[in-house]
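One structure is given below, encoded as C-alpha cells.
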Amino acid sequence: MNWKGVMPAITTGFNEDLGVDHAFMAENCRWLLDSGCTGIVALGSLGEGATLSFDEKLGVLRTCVTAVEDRAPVVASISALSTAEAVAVAKAAAQIGCDGLMVLPPYVYQGDWREMKTHVAAVFKATALSCMLYNNPVAYGTDFLPEQIQELAAEHENFEAVKESSTDARRVSAIRALLDRRLEISVGVDDAVLEAIGVGATGWIAGLANALPRESVDLFNLAIKGDSDKAFDLYRWFLPLLRMDTVPNFVQLIKLVQTEVGRGNPRVRPPRLELVGNELAQIRKIIHEAIRSRPQPANMYALPNRK
C-alpha cells in the first residue's frame, strides 16, 4: 500500500433528504484522482462518519471502490464507539475491496494506553490490510506518543503509517528519530503541511483538497521537491483556506469551499448545521477572495510521488 502523496479525507455528499449522494461521491473520487491525488480516504471526521449508520458506511466504501477501479488505493476510516463495531467495519472494508485502513481511537471514551493499545491492535489484527494510525489528541482526547507508536510498530507488521494531527511538527521528527523509515508519516493538519514535510512527512491526508486538489498537490510536490520559495508563495495564498481545517466547524467550512468552487453542496447532517448570517457572509468573503486571486496550476502533480 502506498501511503505517499496527497490523499483527500473526502467529504460525504448528501441529497436534499440528507441521504448519501452516491453519484456525486463516485464522480468526485474520479475528479480528485484526475487532479493528481494519490488515494481516497473515506468515512473520516471530515466525512461525517459518526453520523453514518453501519450500512451507510459500507455503501460509501462500495461507491468509492467501484469509482476508483484500482487506479489508486481506497482507505476506510475505522471509528466507532466500541471495539467490536470497529473490527466489524474493518472486516467489511476488506471484503468490499478497500486497500487500507485509517484507525482511530474509540469515540467518546478516552481510555489509558493499555485500553487504547488493545483497541487499535484489535483493528490491526482484524484484516491483513495495511493500516494507518490516526493520532489527533485535539479532537479525540487520546494522544499516541512516539514511544507508544514505536511499541505498536514492533508488534504489528501491517501497521505501516501514521497520520499525525497533534499540530506539533516536532512529533513527525520524533517518530522518524525512533523508527526511521519503518512507518510512513502523513500530516493531517492542513495548515502545517510545509512544516511537517520539512521534518520528514511523506504524505498529506488533506481536507481542502476536496475543493482545491490541484493546488494541494502542487503545494505538496513543491515541498517534497525542496522548492521552498515557490512552495511558500503558494502556501501564503492557501493559508486562509487551510486554516478552515483546524476549527470545530471544519466540515461545514470545507463543504462551503467545495460549493463555492462548484463541487457539491453545503449540506451536513445534524448535529452539525449549515452556516448562516454574518458567519456565512464572512467565510464567503474569504473564499471569494481566494478564488479571485487563485494561482495558475503549476502542473507539479505529474511528479512521481506515487512510488
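We name chains A, B, ... following the order of the C-alpha cells; residues begin at 1 in each chain, and ligands are numbered from 1 as shown.
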
Checklist entry - Could you pull the residues within 8 Å of region 164-179 of chain A, counting only C-alpha atoms, minus those fewer than 6 positions along the same chain, as a ChimeraX atom specification? => result /A:134-138,143,146-147,149-150,185-189,192,195-196,199-201

Taking only residues of region 24-112 of chain A that have an atom at most 9 Å from an atom of region 207-226 of chain A, what is each one's shortest atom pair and its distance in Å to one decimal, using only C-alpha atoms, in chain and number order, as a tab-separated table?
residue	atom	partner	partner_atom	distance
A:Asn28	CA	A:Asn210	CA	8.4
A:Trp31	CA	A:Pro213	CA	8.9
A:Leu32	CA	A:Pro213	CA	6.3
A:Leu33	CA	A:Pro213	CA	8.8
A:Ser35	CA	A:Arg214	CA	5.4
A:Gly36	CA	A:Val217	CA	6.4
A:Cys37	CA	A:Val217	CA	6.6
A:Leu46	CA	A:Gly207	CA	7.3

Emit the selected residues as a PDB file, in the first residue's frame, including C-alpha atoms.
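Dumped everything to part_39.pdb:
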ATOM      1  CA  ASN A  28     -15.826  13.306  -7.085  1.00  0.00           C
ATOM      2  CA  TRP A  31     -12.098  14.029 -10.269  1.00  0.00           C
ATOM      3  CA  LEU A  32      -9.735  14.011  -7.284  1.00  0.00           C
ATOM      4  CA  LEU A  33      -7.582  11.316  -8.869  1.00  0.00           C
ATOM      5  CA  SER A  35      -6.316  16.152 -10.342  1.00  0.00           C
ATOM      6  CA  GLY A  36      -3.252  14.287  -9.101  1.00  0.00           C
ATOM      7  CA  CYS A  37      -4.317  12.894  -5.733  1.00  0.00           C
ATOM      8  CA  LEU A  46     -14.491  15.234   7.585  1.00  0.00           C
TER       9      LEU A  46
END

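The closest residue to Leu129 (chain A), picked from A:Thr63, A:Gln148, A:Asn2, A:Ser228 and counting only C-alpha atoms, is A:Asn2.
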
Next on the checklist: Which residues are near Gln110 (chain A)? Cut-off 12 Å, only C-alpha atoms, ignore same chain within fewer than 4 positions. Put them as an MDAnalysis selection string.
Outcome noted: chainID A and resid 81:82 104:106 114:117 119 137 139:144

For those residues, write C-alpha atoms to a file as a tab-separated table (two decimals), in the first residue's frame.
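part_28.tsv, freshly written:
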chain	number	residue	atom	x	y	z
A	81	LEU	CA	-17.94	3.65	19.96
A	82	SER	CA	-16.92	0.05	20.59
A	104	LEU	CA	-8.96	6.00	15.04
A	105	PRO	CA	-9.28	5.64	18.80
A	106	PRO	CA	-12.82	4.92	20.00
A	114	ARG	CA	-3.42	-0.20	27.82
A	115	GLU	CA	-7.01	0.23	26.65
A	116	MET	CA	-6.21	2.31	23.57
A	117	LYS	CA	-3.47	-0.10	22.54
A	119	HIS	CA	-8.47	-1.23	20.76
A	137	PRO	CA	-5.39	14.36	20.52
A	139	ALA	CA	-10.19	16.21	18.52
A	140	TYR	CA	-10.31	12.84	20.29
A	141	GLY	CA	-8.55	13.38	23.61
A	142	THR	CA	-6.30	10.37	23.04
A	143	ASP	CA	-2.64	11.04	22.35
A	144	PHE	CA	-0.49	8.26	20.88

Next on the checklist: If I take CA of Ala206 (chain A) and CA of Pro8 (chain A), how far is one from the other in Å, to one decimal?
Outcome noted: 4.6 Å

Checklist entry - Please, which residues of region 84-207 of chain A, numbered as in this document, come out helix (DSSP H, G or I) from DSSP, as a VMD selection string? => result chain A and resid 84 to 96 113 to 126 137 to 140 146 to 155 170 to 179 190 to 198

Take the residues from that selection and write them out as a short mmCIF file (atom, residue, chain, number, x, y, z; two decimals), in the first residue's frame, keeping C-alpha atoms.
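The resulting file, part.cif, is reproduced below:
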data_model
loop_
_atom_site.label_atom_id
_atom_site.label_comp_id
_atom_site.auth_asym_id
_atom_site.auth_seq_id
_atom_site.Cartn_x
_atom_site.Cartn_y
_atom_site.Cartn_z
CA ALA A 84 -16.42 -4.80 18.32
CA GLU A 85 -18.01 -2.37 15.87
CA ALA A 86 -14.62 -1.04 14.75
CA VAL A 87 -13.48 -4.60 14.00
CA ALA A 88 -16.71 -5.32 12.11
CA VAL A 89 -16.28 -2.22 9.89
CA ALA A 90 -12.64 -3.16 9.25
CA LYS A 91 -13.53 -6.68 8.16
CA ALA A 92 -16.33 -5.42 5.93
CA ALA A 93 -13.99 -2.86 4.35
CA ALA A 94 -11.57 -5.63 3.43
CA GLN A 95 -14.35 -7.70 1.88
CA ILE A 96 -15.55 -4.72 -0.16
CA TRP A 113 -2.65 3.45 26.99
CA ARG A 114 -3.42 -0.20 27.82
CA GLU A 115 -7.01 0.23 26.65
CA MET A 116 -6.21 2.31 23.57
CA LYS A 117 -3.47 -0.10 22.54
CA THR A 118 -5.86 -3.03 22.87
CA HIS A 119 -8.47 -1.23 20.76
CA VAL A 120 -6.25 -0.30 17.83
CA ALA A 121 -4.43 -3.64 17.98
CA ALA A 122 -7.76 -5.43 17.55
CA VAL A 123 -8.41 -3.45 14.38
CA PHE A 124 -4.89 -4.02 13.07
CA LYS A 125 -5.34 -7.77 13.59
CA ALA A 126 -8.83 -7.89 12.07
CA PRO A 137 -5.39 14.36 20.52
CA VAL A 138 -7.00 17.75 19.93
CA ALA A 139 -10.19 16.21 18.52
CA TYR A 140 -10.31 12.84 20.29
CA PRO A 146 6.02 8.44 19.67
CA GLU A 147 7.23 5.74 22.06
CA GLN A 148 3.78 4.11 22.02
CA ILE A 149 3.72 4.24 18.23
CA GLN A 150 7.12 2.52 18.27
CA GLU A 151 5.68 -0.21 20.50
CA LEU A 152 2.77 -0.81 18.14
CA ALA A 153 5.07 -0.89 15.12
CA ALA A 154 7.19 -3.59 16.74
CA GLU A 155 4.14 -5.80 17.24
CA ARG A 170 8.12 18.01 16.29
CA ARG A 171 6.08 14.83 16.58
CA VAL A 172 6.94 13.97 12.99
CA SER A 173 10.66 14.28 13.65
CA ALA A 174 10.31 12.37 16.95
CA ILE A 175 8.61 9.42 15.24
CA ARG A 176 11.19 9.49 12.46
CA ALA A 177 14.02 9.51 15.01
CA LEU A 178 12.65 6.41 16.73
CA LEU A 179 11.55 4.43 13.66
CA ASP A 190 -3.78 21.33 6.59
CA ASP A 191 -2.04 24.47 7.84
CA ALA A 192 1.04 22.55 8.98
CA VAL A 193 1.83 20.72 5.77
CA LEU A 194 5.05 22.52 4.85
CA GLU A 195 6.34 22.28 8.41
CA ALA A 196 5.65 18.54 8.56
CA ILE A 197 7.23 17.80 5.19
CA GLY A 198 10.27 19.75 6.30
#

Item to check | Straight-line distance linking CA of Thr202 (chain A) with CA of Trp3 (chain A), stated in Å to one decimal | outcome: 7.9 Å

Checklist entry - Taking the backbone alone, and naming residues the way the document does, which bits of region 137-263 of chain A are strand (DSSP E) by DSSP, as a ChimeraX atom specification? => result /A:159-164,184-187,203-206

Export C-alpha atoms of the chosen residues as a PDB file, in the first residue's frame?
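Once everything was written out, this is part-v1.pdb:
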ATOM      1  CA  PHE A 159       0.900  -1.110  10.801  1.00  0.00           C
ATOM      2  CA  GLU A 160       2.614   0.946   8.103  1.00  0.00           C
ATOM      3  CA  ALA A 161       1.741   4.626   8.522  1.00  0.00           C
ATOM      4  CA  VAL A 162       0.757   7.392  10.934  1.00  0.00           C
ATOM      5  CA  LYS A 163      -1.493  10.372  10.340  1.00  0.00           C
ATOM      6  CA  GLU A 164      -0.028  12.898  12.733  1.00  0.00           C
ATOM      7  CA  GLU A 184       5.321   6.499   6.516  1.00  0.00           C
ATOM      8  CA  ILE A 185       4.164   9.693   8.205  1.00  0.00           C
ATOM      9  CA  SER A 186       1.361  11.852   6.847  1.00  0.00           C
ATOM     10  CA  VAL A 187       0.434  15.290   8.077  1.00  0.00           C
ATOM     11  CA  GLY A 203       2.055  12.143   2.814  1.00  0.00           C
ATOM     12  CA  TRP A 204      -0.824  14.529   3.426  1.00  0.00           C
ATOM     13  CA  ILE A 205      -4.301  13.381   4.440  1.00  0.00           C
ATOM     14  CA  ALA A 206      -5.822  16.608   3.209  1.00  0.00           C
TER      15      ALA A 206
END

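Interatomic distance, CA of Glu16 (chain A) to CA of Phe54 (chain A): 20.9 Å.
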
Can you pull out every residue within 12 Å of Glu279 (chain A), counting only C-alpha atoms, but drop anything in the same chain fewer than 4 positions away, and send it as a CSV table (one decimal) with C-alpha atoms, in the first residue's frame?
chain,number,residue,atom,x,y,z
A,249,ASN,CA,-16.9,23.5,12.3
A,252,GLN,CA,-19.2,23.0,7.2
A,253,LEU,CA,-16.4,25.2,6.1
A,256,LEU,CA,-18.8,25.5,1.7
A,274,GLU,CA,-25.1,24.9,7.8
A,275,LEU,CA,-23.5,28.3,8.3
A,283,ILE,CA,-16.5,33.0,5.3
A,284,ARG,CA,-17.8,33.5,1.8
A,285,LYS,CA,-15.8,36.7,1.6
A,286,ILE,CA,-12.6,34.8,2.4

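Among A:Leu183, A:Val251, A:Ala23, A:Ala80, the residue with the shortest atom-to-atom distance to Cys131 (chain A), counting only C-alpha atoms, is A:Leu183.
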